[in-house]
>>> print(open('upload.csv').read())   # CSV, C-alpha atoms and all ligand atoms
chain,number,residue,atom,x,y,z
F,6,MET,CA,101.2,46.2,114.9
F,7,THR,CA,100.9,46.2,118.7
F,8,PRO,CA,104.3,47.0,120.3
F,9,GLY,CA,103.2,45.1,123.4
F,10,GLY,CA,106.2,43.5,125.1
F,11,LEU,CA,108.9,45.1,122.8
F,12,GLU,CA,111.6,46.9,124.8
F,13,LEU,CA,111.8,50.5,123.7
F,14,ARG,CA,113.8,53.6,124.8
F,15,ARG,CA,113.7,57.3,124.0
F,16,ALA,CA,116.3,58.0,121.2
F,17,ARG,CA,119.3,59.8,122.7
F,18,SER,CA,119.7,61.9,119.6
F,19,LEU,CA,116.7,64.0,120.4
F,20,LEU,CA,116.1,67.8,120.6
F,21,VAL,CA,112.8,69.4,121.5
F,22,TYR,CA,112.0,73.0,120.8
F,23,TRP,CA,109.2,75.4,119.8
F,24,GLN,CA,109.1,76.9,116.3
F,25,ASP,CA,106.2,79.1,115.0
F,26,GLY,CA,104.2,78.2,118.1
F,27,GLU,CA,104.5,74.4,117.4
F,28,LEU,CA,106.3,71.9,119.6
F,29,ARG,CA,108.9,70.1,117.5
F,30,PHE,CA,110.9,66.9,118.1
F,31,VAL,CA,113.9,66.3,116.0
F,32,ASN,CA,115.9,63.1,115.9
F,33,PHE,CA,119.2,64.6,114.6
F,34,ALA,CA,120.8,61.2,114.0
F,35,ARG,CA,118.1,60.5,111.4
F,36,GLY,CA,117.4,64.1,110.4
F,37,VAL,CA,113.7,63.7,111.1
F,38,THR,CA,111.6,66.5,112.6
F,39,VAL,CA,108.0,66.0,113.8
F,40,SER,CA,105.4,68.1,115.6
F,41,GLY,CA,104.0,66.8,118.8
F,42,ARG,CA,102.1,67.7,121.9
F,43,LEU,CA,103.1,68.2,125.6
F,44,VAL,CA,101.9,64.7,126.4
F,45,THR,CA,104.5,63.4,123.9
F,46,CYS,CA,107.2,64.8,126.3
F,47,ASN,CA,105.7,62.8,129.1
F,48,VAL,CA,105.7,59.6,127.1
F,49,LEU,CA,109.3,60.2,125.9
F,50,ASP,CA,110.3,61.0,129.5
F,51,PHE,CA,108.7,57.7,130.6
F,52,PHE,CA,110.9,55.8,128.1
F,53,ASN,CA,114.1,57.2,129.5
F,54,GLU,CA,115.3,53.6,130.0
F,55,TRP,CA,114.2,50.4,128.3
F,56,LYS,CA,110.5,49.8,128.9
F,57,THR,CA,107.6,48.2,127.1
F,58,ALA,CA,104.3,49.5,125.7
F,59,ASN,CA,102.5,47.3,128.2
F,60,GLN,CA,104.3,49.2,131.0
F,61,ALA,CA,103.4,52.5,129.3
F,62,ALA,CA,99.7,51.4,129.2
F,63,SER,CA,99.8,50.8,133.0
F,64,HIS,CA,101.6,54.0,133.7
F,65,PHE,CA,99.3,56.2,131.5
F,66,ALA,CA,96.2,54.5,133.0
F,67,GLY,CA,94.0,57.5,132.1
F,68,TYR,CA,94.4,56.7,128.4
F,69,SER,CA,93.0,53.7,126.6
F,70,ARG,CA,95.5,50.9,125.7
F,71,LYS,CA,94.7,51.4,122.0
F,72,SER,CA,95.6,55.1,122.2
F,73,VAL,CA,98.9,54.4,124.1
F,74,ASN,CA,99.8,51.7,121.5
F,75,SER,CA,99.0,54.0,118.7
F,76,THR,CA,101.2,56.8,120.2
F,77,VAL,CA,104.0,54.4,120.8
F,78,ASN,CA,103.8,53.1,117.3
F,79,GLN,CA,104.0,56.6,115.9
F,80,LEU,CA,107.0,57.4,118.1
F,81,ILE,CA,108.8,54.3,116.8
F,82,GLU,CA,107.9,55.1,113.2
F,83,ARG,CA,109.3,58.6,113.6
F,84,GLY,CA,112.5,57.6,115.3
F,85,LEU,CA,111.7,59.2,118.7
F,86,LEU,CA,111.6,55.7,120.3
F,87,VAL,CA,114.1,53.0,119.3
F,88,ARG,CA,113.7,49.2,119.5
F,89,LYS,CA,116.2,47.3,121.7
F,90,ASN,CA,118.9,45.5,119.6
F,91,SER,CA,117.9,47.3,116.4
F,92,ALA,CA,120.6,48.8,114.1
F,93,GLU,CA,119.0,52.2,114.8
F,94,ALA,CA,119.3,51.8,118.5
F,95,ARG,CA,123.0,50.9,118.1
F,96,PHE,CA,123.7,53.9,115.9
F,97,ASP,CA,121.8,56.1,118.4
F,98,ALA,CA,123.7,54.8,121.4
F,99,GLU,CA,127.1,55.0,119.6
F,100,LEU,CA,126.4,58.6,118.5
F,101,SER,CA,125.4,59.8,122.0
F,102,ARG,CA,128.4,58.0,123.5
F,103,ARG,CA,131.0,59.3,121.1
F,104,TRP,CA,129.6,62.8,121.0
F,105,SER,CA,128.5,63.1,124.6
F,106,SER,CA,130.8,66.0,125.5
F,107,TRP,CA,129.8,68.0,122.3
F,108,LEU,CA,126.1,67.6,122.5
F,109,PRO,CA,123.6,69.1,122.1
F,110,GLU,CA,125.5,71.8,120.1
F,111,GLY,CA,127.1,69.1,118.0
F,112,SER,CA,123.7,68.1,116.7
F,113,PHE,CA,124.4,70.8,114.2
F,114,HIS,CA,126.8,68.5,112.4
F,115,PHE,CA,124.2,65.8,112.0
F,116,LEU,CA,121.3,68.1,111.2
F,117,THR,CA,123.2,69.7,108.3
F,118,LYS,CA,124.3,66.5,106.6
F,119,ASP,CA,123.5,65.5,103.1
F,120,ALA,CA,123.1,68.5,100.8
F,121,ARG,CA,119.9,68.5,98.8
F,122,TYR,CA,120.6,67.5,95.2
F,123,VAL,CA,120.6,70.1,92.6
F,124,ARG,CA,119.3,67.9,89.7
F,125,ARG,CA,119.4,70.5,86.9
F,126,THR,CA,120.9,73.9,86.1
F,127,ARG,CA,118.6,76.7,87.2
F,128,THR,CA,117.8,79.5,84.7
F,129,LEU,CA,118.7,83.0,85.6
F,130,ALA,CA,115.0,83.8,86.1
F,131,GLU,CA,114.7,80.9,88.5
F,132,TRP,CA,117.7,82.1,90.5
F,133,ARG,CA,116.3,85.6,90.7
F,134,ALA,CA,112.9,84.3,91.8
F,135,MET,CA,114.6,82.3,94.6
F,136,LEU,CA,116.5,85.2,96.1
F,137,PRO,CA,115.1,87.2,99.0
F,138,LYS,CA,113.1,90.2,98.0
F,139,ARG,CA,115.3,92.6,99.9
F,140,PRO,CA,118.6,93.9,98.3
F,141,ALA,CA,121.8,91.9,98.9
F,142,PRO,CA,123.8,93.1,101.9
F,143,ASN,CA,126.6,95.6,101.4
F,144,LYS,CA,129.8,94.0,100.3
F,145,PHE,CA,132.0,96.3,102.3
F,146,LYS,CA,131.7,97.7,105.8
F,147,SER,CA,132.8,101.3,106.4
F,148,VAL,CA,133.1,102.5,110.0
F,149,THR,CA,131.0,105.7,110.1
F,150,GLY,CA,132.9,108.6,111.7
F,151,ALA,CA,136.2,106.7,111.8
F,152,LYS,CA,139.3,108.6,110.6
F,153,LYS,CA,140.4,107.1,107.2
F,154,ILE,CA,144.1,106.3,106.7
F,155,PRO,CA,145.0,105.5,103.1
F,156,LEU,CA,147.5,102.6,102.9
F,157,PRO,CA,150.6,102.6,100.7
F,158,LYS,CA,150.0,101.1,97.2
F,159,LEU,CA,151.6,97.7,96.7
F,160,ALA,CA,154.4,97.2,94.2
F,161,PRO,CA,153.3,94.9,91.4
F,162,ALA,CA,153.5,91.2,92.4
F,163,ASP,CA,156.9,89.8,91.3
F,164,SER,CA,157.3,86.7,93.5
F,165,GLU,CA,156.2,83.2,92.7
F,166,PHE,CA,154.3,83.0,95.9
F,167,VAL,CA,152.3,86.2,95.1
F,168,ASN,CA,151.7,85.0,91.6
F,169,VAL,CA,150.2,81.8,93.0
F,170,LEU,CA,148.0,83.7,95.3
F,171,MET,CA,146.8,86.0,92.5
F,172,ASN,CA,146.1,83.1,90.2
F,173,ARG,CA,144.1,81.0,92.6
F,174,LYS,CA,140.5,80.7,91.4
F,175,THR,CA,137.8,78.0,91.2
F,176,TYR,CA,137.7,76.0,88.0
F,177,ARG,CA,134.7,74.0,86.9
F,178,LYS,CA,136.0,73.0,83.4
F,179,PHE,CA,138.9,70.7,82.9
F,180,SER,CA,141.0,69.2,80.2
F,181,LYS,CA,140.4,65.6,79.3
F,182,ARG,CA,144.1,64.8,80.0
F,183,ASP,CA,144.9,62.5,82.9
F,184,LEU,CA,146.7,63.7,86.0
F,185,PRO,CA,150.1,62.1,86.5
F,186,LEU,CA,150.4,60.0,89.7
F,187,ALA,CA,153.5,62.1,90.6
F,188,THR,CA,151.4,65.2,90.7
F,189,VAL,CA,148.8,63.5,92.9
F,190,SER,CA,151.7,62.4,95.1
F,191,GLN,CA,153.0,66.0,95.3
F,192,ILE,CA,149.5,67.4,96.2
F,193,LEU,CA,149.0,64.8,98.9
F,194,SER,CA,152.5,65.3,100.4
F,195,LEU,CA,152.3,69.1,100.4
F,196,VAL,CA,148.8,69.5,101.6
F,197,TRP,CA,148.2,66.5,103.9
F,198,GLY,CA,151.6,65.0,104.4
F,199,VAL,CA,153.6,65.1,107.6
F,200,ARG,CA,156.3,67.8,107.5
F,201,GLY,CA,157.8,66.9,110.9
F,202,TYR,CA,157.0,66.4,114.5
F,203,LEU,CA,156.8,68.8,117.5
F,204,HIS,CA,157.4,67.7,121.0
F,205,SER,CA,155.0,68.9,123.7
F,206,PRO,CA,155.9,68.1,127.4
F,207,VAL,CA,152.2,67.5,128.0
F,208,PHE,CA,150.9,65.9,124.8
F,209,GLY,CA,154.0,64.2,123.5
F,210,ARG,CA,154.7,63.9,119.8
F,211,LEU,CA,152.6,66.2,117.7
F,212,ILE,CA,152.3,66.4,113.9
F,213,HIS,CA,153.3,69.4,111.9
F,214,LYS,CA,151.8,70.0,108.4
F,215,THR,CA,151.8,72.9,106.0
F,216,SER,CA,148.3,73.9,107.4
F,217,PRO,CA,147.8,74.9,111.0
F,218,SER,CA,145.5,72.7,113.2
F,219,GLY,CA,143.9,73.7,116.4
F,220,GLY,CA,146.0,72.2,119.3
F,221,ALA,CA,148.1,70.4,116.6
F,222,ARG,CA,145.4,67.7,116.8
F,223,HIS,CA,145.1,67.3,113.0
F,224,PRO,CA,141.7,65.6,113.0
F,225,GLY,CA,141.6,65.7,109.2
F,226,GLU,CA,142.0,62.7,107.0
F,227,VAL,CA,141.9,62.6,103.2
F,228,TYR,CA,140.7,60.0,100.7
F,229,LEU,CA,141.6,60.2,97.1
F,230,MET,CA,139.0,59.4,94.5
F,231,ALA,CA,141.1,58.6,91.4
F,232,LEU,CA,139.1,59.1,88.3
F,233,ARG,CA,141.8,59.8,85.7
F,234,VAL,CA,145.1,59.4,87.3
F,235,ASN,CA,147.8,58.1,85.0
F,236,GLY,CA,149.5,55.2,86.9
F,237,LEU,CA,146.7,54.5,89.3
F,238,LYS,CA,143.6,52.4,88.9
F,239,PRO,CA,140.3,54.3,89.3
F,240,GLY,CA,139.1,53.9,92.9
F,241,LEU,CA,138.9,55.2,96.4
F,242,TYR,CA,142.1,55.3,98.4
F,243,HIS,CA,142.9,56.4,101.9
F,244,TYR,CA,146.1,58.5,102.2
F,245,HIS,CA,148.4,57.6,105.1
F,246,PRO,CA,150.3,60.9,105.8
F,247,GLY,CA,152.9,59.4,108.1
F,248,ARG,CA,154.0,56.8,105.5
F,249,HIS,CA,153.1,58.8,102.4
F,250,GLU,CA,151.2,55.9,100.9
F,251,LEU,CA,147.8,55.1,99.5
F,252,GLU,CA,145.5,52.4,101.0
F,253,MET,CA,143.0,51.0,98.5
F,254,ILE,CA,139.4,51.0,99.8
F,255,ARG,CA,137.4,50.4,96.6
F,256,ALA,CA,138.6,49.4,93.2
F,257,SER,CA,136.1,51.5,91.3
F,258,ALA,CA,135.4,55.2,90.7
F,259,THR,CA,133.2,56.6,88.0
F,260,PRO,CA,132.5,60.1,86.8
F,261,GLN,CA,128.8,59.6,87.7
F,262,LYS,CA,129.7,58.7,91.3
F,263,ALA,CA,131.9,61.8,91.5
F,264,LYS,CA,128.9,63.9,90.4
F,265,LEU,CA,126.7,62.1,93.0
F,266,TYR,CA,129.2,62.6,95.8
F,267,CYS,CA,129.1,66.4,94.9
F,268,ALA,CA,125.3,66.5,95.3
F,269,TYR,CA,124.7,66.2,91.5
F,270,GLN,CA,127.0,69.1,90.5
F,271,SER,CA,127.8,68.2,87.0
F,272,TYR,CA,131.3,69.6,86.7
F,273,ALA,CA,132.6,67.1,89.3
F,274,LYS,CA,132.4,64.3,86.8
F,275,ASP,CA,135.0,65.9,84.6
F,276,ALA,CA,137.6,66.2,87.4
F,277,ALA,CA,140.6,63.9,87.3
F,278,ALA,CA,140.6,63.4,91.0
F,279,LEU,CA,138.6,64.3,94.1
F,280,PHE,CA,140.0,64.7,97.6
F,281,LEU,CA,137.4,63.7,100.1
F,282,MET,CA,138.2,65.4,103.4
F,283,THR,CA,136.9,63.8,106.6
F,284,ALA,CA,137.6,64.4,110.3
F,285,ILE,CA,138.2,61.9,113.2
F,286,PHE,CA,136.5,64.0,115.9
F,287,ASP,CA,138.0,62.2,118.8
F,288,ARG,CA,141.4,63.6,118.1
F,289,THR,CA,140.1,67.0,118.9
F,290,MET,CA,137.5,66.0,121.5
F,291,TRP,CA,140.1,64.2,123.5
F,292,LYS,CA,141.8,67.5,124.2
F,293,TYR,CA,138.9,69.8,123.9
F,294,PRO,CA,135.7,68.4,125.6
F,295,LYS,CA,133.8,71.7,124.9
F,296,SER,CA,131.6,71.8,121.8
F,297,ARG,CA,133.2,75.0,120.6
F,298,ALA,CA,136.1,72.8,119.4
F,299,TYR,CA,133.7,71.6,116.6
F,300,ARG,CA,134.4,75.0,115.0
F,301,VAL,CA,138.1,74.2,115.2
F,302,VAL,CA,137.5,71.0,113.2
F,303,LEU,CA,135.7,72.9,110.5
F,304,LEU,CA,138.3,75.7,110.5
F,305,ASP,CA,141.0,73.1,110.1
F,306,ALA,CA,139.3,71.7,107.0
F,307,GLY,CA,139.2,75.2,105.6
F,308,HIS,CA,142.9,75.7,106.1
F,309,LEU,CA,143.6,72.4,104.3
F,310,ALA,CA,141.4,73.3,101.4
F,311,GLN,CA,143.1,76.7,100.9
F,312,THR,CA,146.5,75.0,101.0
F,313,PHE,CA,145.2,72.5,98.4
F,314,CYS,CA,144.0,75.4,96.2
F,315,LEU,CA,147.3,77.1,96.4
F,316,VAL,CA,149.4,74.0,95.8
F,317,ALA,CA,147.2,73.0,92.8
F,318,THR,CA,147.5,76.5,91.4
F,319,TRP,CA,151.3,76.4,91.8
F,320,LEU,CA,151.3,73.1,89.9
F,321,GLY,CA,149.3,74.8,87.1
F,322,LEU,CA,146.2,72.7,87.7
F,323,ALA,CA,142.5,73.6,87.8
F,324,PRO,CA,141.3,73.2,91.4
F,325,PHE,CA,137.9,73.6,93.1
F,326,CYS,CA,136.3,72.9,96.4
F,327,THR,CA,132.8,72.1,97.4
F,328,ALA,CA,130.7,71.7,100.5
F,329,ALA,CA,127.7,70.4,98.7
F,330,LEU,CA,128.1,66.7,99.3
F,331,SER,CA,126.1,63.5,99.6
F,332,ASP,CA,127.7,62.9,103.0
F,333,SER,CA,126.0,59.6,103.8
F,334,LEU,CA,126.8,58.0,100.5
F,335,ILE,CA,130.4,59.1,100.7
F,336,GLU,CA,130.7,57.8,104.2
F,337,LYS,CA,129.2,54.4,103.2
F,338,ASP,CA,131.7,54.1,100.3
F,339,LEU,CA,134.6,55.1,102.4
F,340,LYS,CA,133.5,52.6,105.0
F,341,ILE,CA,133.4,55.2,107.8
F,342,ASP,CA,130.6,55.4,110.3
F,343,GLY,CA,129.7,59.1,110.1
F,344,ILE,CA,129.9,59.3,113.9
F,345,SER,CA,133.6,58.9,114.9
F,346,GLU,CA,134.6,60.0,111.4
F,347,SER,CA,132.6,62.0,109.0
F,348,VAL,CA,133.1,63.8,105.7
F,349,LEU,CA,133.3,67.6,105.8
F,350,TYR,CA,134.5,69.0,102.6
F,351,ALA,CA,135.7,68.0,99.1
F,352,ALA,CA,138.4,69.4,96.8
F,353,GLY,CA,138.9,68.4,93.2
F,354,VAL,CA,141.3,68.9,90.4
F,355,GLY,CA,141.9,68.4,86.7
F,356,MET,CA,144.4,69.5,84.2
F,357,ARG,CA,143.8,73.0,82.9
F,358,ARG,CA,142.2,73.4,79.4
F,359,GLN,CA,144.3,75.1,76.8
F,360,VAL,CA,142.0,78.1,76.5
F,361,ARG,CA,142.8,81.7,77.1
F,362,ASP,CA,141.5,82.7,80.6
F,363,ARG,CA,139.1,85.5,79.9
F,364,ARG,CA,138.7,86.4,83.5
F,365,SER,CA,140.9,89.3,84.3
F,366,ASN,CA,139.2,90.8,87.3
F,367,ILE,CA,142.1,90.3,89.7
F,368,ARG,CA,143.5,93.7,90.7
F,369,ASN,CA,146.7,94.7,92.3
F,370,ASN,CA,145.6,97.5,94.6
W,401,LIG,C1,133.3,76.5,102.0
W,401,LIG,C2,133.1,76.6,100.5
W,401,LIG,C3,132.2,75.9,99.9
W,401,LIG,C4,132.0,75.9,98.5
W,401,LIG,N1,131.0,75.1,98.0
W,401,LIG,C5,130.9,75.2,96.6
W,401,LIG,C6,129.9,74.3,96.0
W,401,LIG,O1,129.2,73.6,96.6
W,401,LIG,N2,129.8,74.3,94.6
W,401,LIG,C7,130.6,75.2,93.9
W,401,LIG,O2,130.4,75.1,92.7
W,401,LIG,N3,131.5,76.0,94.4
W,401,LIG,C8,131.7,76.0,95.8
W,401,LIG,N4,132.6,76.8,96.4
W,401,LIG,C9,133.5,77.6,95.5
W,401,LIG,C10,132.9,79.1,95.5
W,401,LIG,O3,131.7,79.1,94.8
W,401,LIG,C11,134.0,80.0,94.9
W,401,LIG,O4,135.1,80.0,95.7
W,401,LIG,C12,133.4,81.4,94.6
W,401,LIG,O5,132.4,81.4,93.6
W,401,LIG,C13,134.5,82.4,94.3
W,401,LIG,O6,135.2,82.0,93.2
W,401,LIG,P1,136.8,81.9,93.2
W,401,LIG,O7,137.1,80.7,94.1
W,401,LIG,O8,137.2,81.7,91.8
W,401,LIG,O9,137.3,83.2,93.8
W,401,LIG,C14,132.8,76.8,97.7
W,401,LIG,C15,133.8,77.5,98.4
W,401,LIG,C16,133.9,77.5,99.7
W,401,LIG,C17,135.0,78.3,100.4
>>> encode(input="upload.csv", output="structure tokens")
Amino acid sequence: MTPGGLELRRARSLLVYWQDGELRFVNFARGVTVSGRLVTCNVLDFFNEWKTANQAASHFAGYSRKSVNSTVNQLIERGLLVRKNSAEARFDAELSRRWSSWLPEGSFHFLTKDARYVRRTRTLAEWRAMLPKRPAPNKFKSVTGAKKIPLPKLAPADSEFVNVLMNRKTYRKFSKRDLPLATVSQILSLVWGVRGYLHSPVFGRLIHKTSPSGGARHPGEVYLMALRVNGLKPGLYHYHPGRHELEMIRASATPQKAKLYCAYQSYAKDAAALFLMTAIFDRTMWKYPKSRAYRVVLLDAGHLAQTFCLVATWLGLAPFCTAALSDSLIEKDLKIDGISESVLYAAGVGMRRQVRDRRSNIRNN
């Protein structure tokens, strides 16, 4: 097709770099990388604002019209040029507008979306073959030449808090029993609920939760995927931490979908509930216009997940957390745009199976 009079513009979500001696162009909104030549940079530079292929043909008069058209077509196909009024152009403009202060570093967020599916369990031999040929890095660091000061031995753990800490572990097998709604309510309240408010003379009313949050911005949101919750229809729900209530988004949730959300990890389908953790970036961007604050958003999610693991352990449940996610599918189902709000992490839980825990490698040292 000849692009002719179609108005086109260079995608804003674009990075250009050299790798292994090749010039590469990546559209991080689409996650597409292509190799190109220096002249590609000139063409993309020309399309800084809306222009047509006809205008490009006049501008690059040293090239035949056929060759300019073919280049333009390839750039459209690969997402380096976007068509005016297309869904792609709108997404591109929205991303660059909302993330302007955190780009280009923030492109990392988009480039690392959508974990590759692990469709089947790997054998031990396959795992070994995949690993680097060099030995694994040392698990402990010892400072050579530093004076060593032995620390006092701890008394055996005798508090509820220490017992919870000592018993936290990742479960991937669950009882078939349903999770009571009251338990879900307790988890949501203790992990994501508002515990109170702080007053800042500059920032006004700020939220306080059981997990810390950089600048008390609390960018984290949580969505419950109820699979087997007694007293709640299977579905997707948004948790409102201020009102401690659920808002139904979708009246269906299947074990197969849970597995899909967790990038085909089979154990996810046996969980009773998933907690899909997202962030509304602008809450943090508003105060911190520098991209380093993206780290803070991720660290916040980590804090929430640890609080979740401890609360679930305290409740005698079987918790897990996973970063291997089908981000785009989750975002579509949660009806969030993946730009202003995006999924970061998932935690899940089931009732514990009534089997003796054979793992006893937790030491009190
Ligand atoms: C950030 C993060 C991401 C994780 N992602 C996965 C995952 O994708 N799949 C999984 O089975 N476990 C995942 N885990 C769980 C770890 O594999 C687990 O914590 C580790 O094996 C140690 O076991 P423990 O939690 O019982 O101490 C993740 C843990 C963390 C902290």
>>> residues_near_ligand(input="upload.csv", ligand="ligand LIG 401 (chain W)", cutoff="8 Å", atoms="only C-alpha atoms and all ligand atoms", output="mmCIF file with C-alpha atoms, in the frame of the given file")
data_model
loop_
_atom_site.group_PDB
_atom_site.id
_atom_site.type_symbol
_atom_site.label_atom_id
_atom_site.label_comp_id
_atom_site.auth_asym_id
_atom_site.auth_seq_id
_atom_site.Cartn_x
_atom_site.Cartn_y
_atom_site.Cartn_z
ATOM 1 C CA ARG F 173 144.100 81.000 92.600
ATOM 2 C CA LYS F 174 140.500 80.700 91.400
ATOM 3 C CA THR F 175 137.800 78.000 91.200
ATOM 4 C CA TYR F 176 137.700 76.000 88.000
ATOM 5 C CA ARG F 177 134.700 74.000 86.900
ATOM 6 C CA CYS F 267 129.100 66.400 94.900
ATOM 7 C CA GLN F 270 127.000 69.100 90.500
ATOM 8 C CA GLY F 307 139.200 75.200 105.600
ATOM 9 C CA PHE F 325 137.900 73.600 93.100
ATOM 10 C CA CYS F 326 136.300 72.900 96.400
ATOM 11 C CA THR F 327 132.800 72.100 97.400
ATOM 12 C CA ALA F 328 130.700 71.700 100.500
ATOM 13 C CA ALA F 329 127.700 70.400 98.700
ATOM 14 C CA LEU F 330 128.100 66.700 99.300
ATOM 15 C CA TYR F 350 134.500 69.000 102.600
#
>>> closest_atom_pairs(input="upload.csv", of="region 211-326 of chain F", to="region 202-207 of chain F", cutoff="8 Å", atoms="all atoms listed in the file", output="CSV")
residue,atom,partner,partner_atom,distance
F:Leu211,CA,F:Leu203,CA,4.9
F:Ile212,CA,F:Tyr202,CA,4.7
F:His213,CA,F:Tyr202,CA,5.4
>>> atom_distance(input="upload.csv", atom1="CA of Thr117 (chain F)", atom2="CA of His308 (chain F)")
20.7 Å
>>> atom_distance(input="upload.csv", atom1="CA of Lys181 (chain F)", atom2="CA of Leu281 (chain F)")
21.1 Å
>>> residues_near_point(input="upload.csv", point="(147.3, 63.3, 91.5)", cutoff="9 Å", atoms="all atoms listed in the file", output="list in words")
Asp183, Leu184, Pro185, Leu186, Ala187, Thr188, Val189, Ser190, Gln191, Ile192, Leu193, Leu229, Ala231, Arg233, Val234, Asn235, Ala277, Ala278, Val354 and Gly355 of chain F
>>> residues_around(input="upload.csv", residues="Phe51 (chain F)", least_positions_apart="2", cutoff="12 Å", atoms="all atoms listed in the file", output="number ranges by chain")
F: 13-15, 44-49, 53-58, 60-65, 77, 86
>>> closest_residue(input="upload.csv", among="F:Asp119, F:Asp332, F:Glu99, F:Asp305", to="Glu226 (chain F)", atoms="only C-alpha atoms")
F:Asp305
>>> axis_aligned_box(input="upload.csv", around="region 175-190 of chain F", padding_each_side="8 Å", output="AutoDock Vina command-line options")
--center_x 144.1 --center_y 69.0 --center_z 87.2 --size_x 34.8 --size_y 34.0 --size_z 31.8
>>> build_atoms(input="upload.csv", residues="region 309-321 of chain F", atoms="N, CA and C atoms", output="PDB file, in the coordinates of the input")
ATOM      1  N   LEU F 309     143.102  73.414 105.208  1.00  0.00           N
ATOM      2  CA  LEU F 309     143.600  72.400 104.300  1.00  0.00           C
ATOM      3  C   LEU F 309     143.156  72.656 102.865  1.00  0.00           C
ATOM      4  N   ALA F 310     141.908  73.081 102.736  1.00  0.00           N
ATOM      5  CA  ALA F 310     141.400  73.300 101.400  1.00  0.00           C
ATOM      6  C   ALA F 310     142.096  74.491 100.727  1.00  0.00           C
ATOM      7  N   GLN F 311     142.403  75.519 101.500  1.00  0.00           N
ATOM      8  CA  GLN F 311     143.100  76.700 100.900  1.00  0.00           C
ATOM      9  C   GLN F 311     144.534  76.241 100.508  1.00  0.00           C
ATOM     10  N   THR F 312     145.171  75.455 101.352  1.00  0.00           N
ATOM     11  CA  THR F 312     146.500  75.000 101.000  1.00  0.00           C
ATOM     12  C   THR F 312     146.433  74.162  99.710  1.00  0.00           C
ATOM     13  N   PHE F 313     145.380  73.332  99.637  1.00  0.00           N
ATOM     14  CA  PHE F 313     145.200  72.500  98.400  1.00  0.00           C
ATOM     15  C   PHE F 313     145.036  73.434  97.190  1.00  0.00           C
ATOM     16  N   CYS F 314     144.210  74.467  97.309  1.00  0.00           N
ATOM     17  CA  CYS F 314     144.000  75.400  96.200  1.00  0.00           C
ATOM     18  C   CYS F 314     145.282  76.020  95.722  1.00  0.00           C
ATOM     19  N   LEU F 315     146.083  76.425  96.700  1.00  0.00           N
ATOM     20  CA  LEU F 315     147.300  77.100  96.400  1.00  0.00           C
ATOM     21  C   LEU F 315     148.347  76.133  95.749  1.00  0.00           C
ATOM     22  N   VAL F 316     148.434  74.960  96.319  1.00  0.00           N
ATOM     23  CA  VAL F 316     149.400  74.000  95.800  1.00  0.00           C
ATOM     24  C   VAL F 316     148.965  73.602  94.338  1.00  0.00           C
ATOM     25  N   ALA F 317     147.673  73.381  94.129  1.00  0.00           N
ATOM     26  CA  ALA F 317     147.200  73.000  92.800  1.00  0.00           C
ATOM     27  C   ALA F 317     147.426  74.156  91.801  1.00  0.00           C
ATOM     28  N   THR F 318     147.241  75.380  92.259  1.00  0.00           N
ATOM     29  CA  THR F 318     147.500  76.500  91.400  1.00  0.00           C
ATOM     30  C   THR F 318     148.969  76.610  91.035  1.00  0.00           C
ATOM     31  N   TRP F 319     149.801  76.415  92.027  1.00  0.00           N
ATOM     32  CA  TRP F 319     151.300  76.400  91.800  1.00  0.00           C
ATOM     33  C   TRP F 319     151.670  75.358  90.798  1.00  0.00           C
ATOM     34  N   LEU F 320     150.964  74.210  90.836  1.00  0.00           N
ATOM     35  CA  LEU F 320     151.300  73.100  89.900  1.00  0.00           C
ATOM     36  C   LEU F 320     150.638  73.345  88.520  1.00  0.00           C
ATOM     37  N   GLY F 321     149.961  74.486  88.351  1.00  0.00           N
ATOM     38  CA  GLY F 321     149.300  74.800  87.100  1.00  0.00           C
ATOM     39  C   GLY F 321     148.085  74.014  86.789  1.00  0.00           C
TER      40      GLY F 321
END
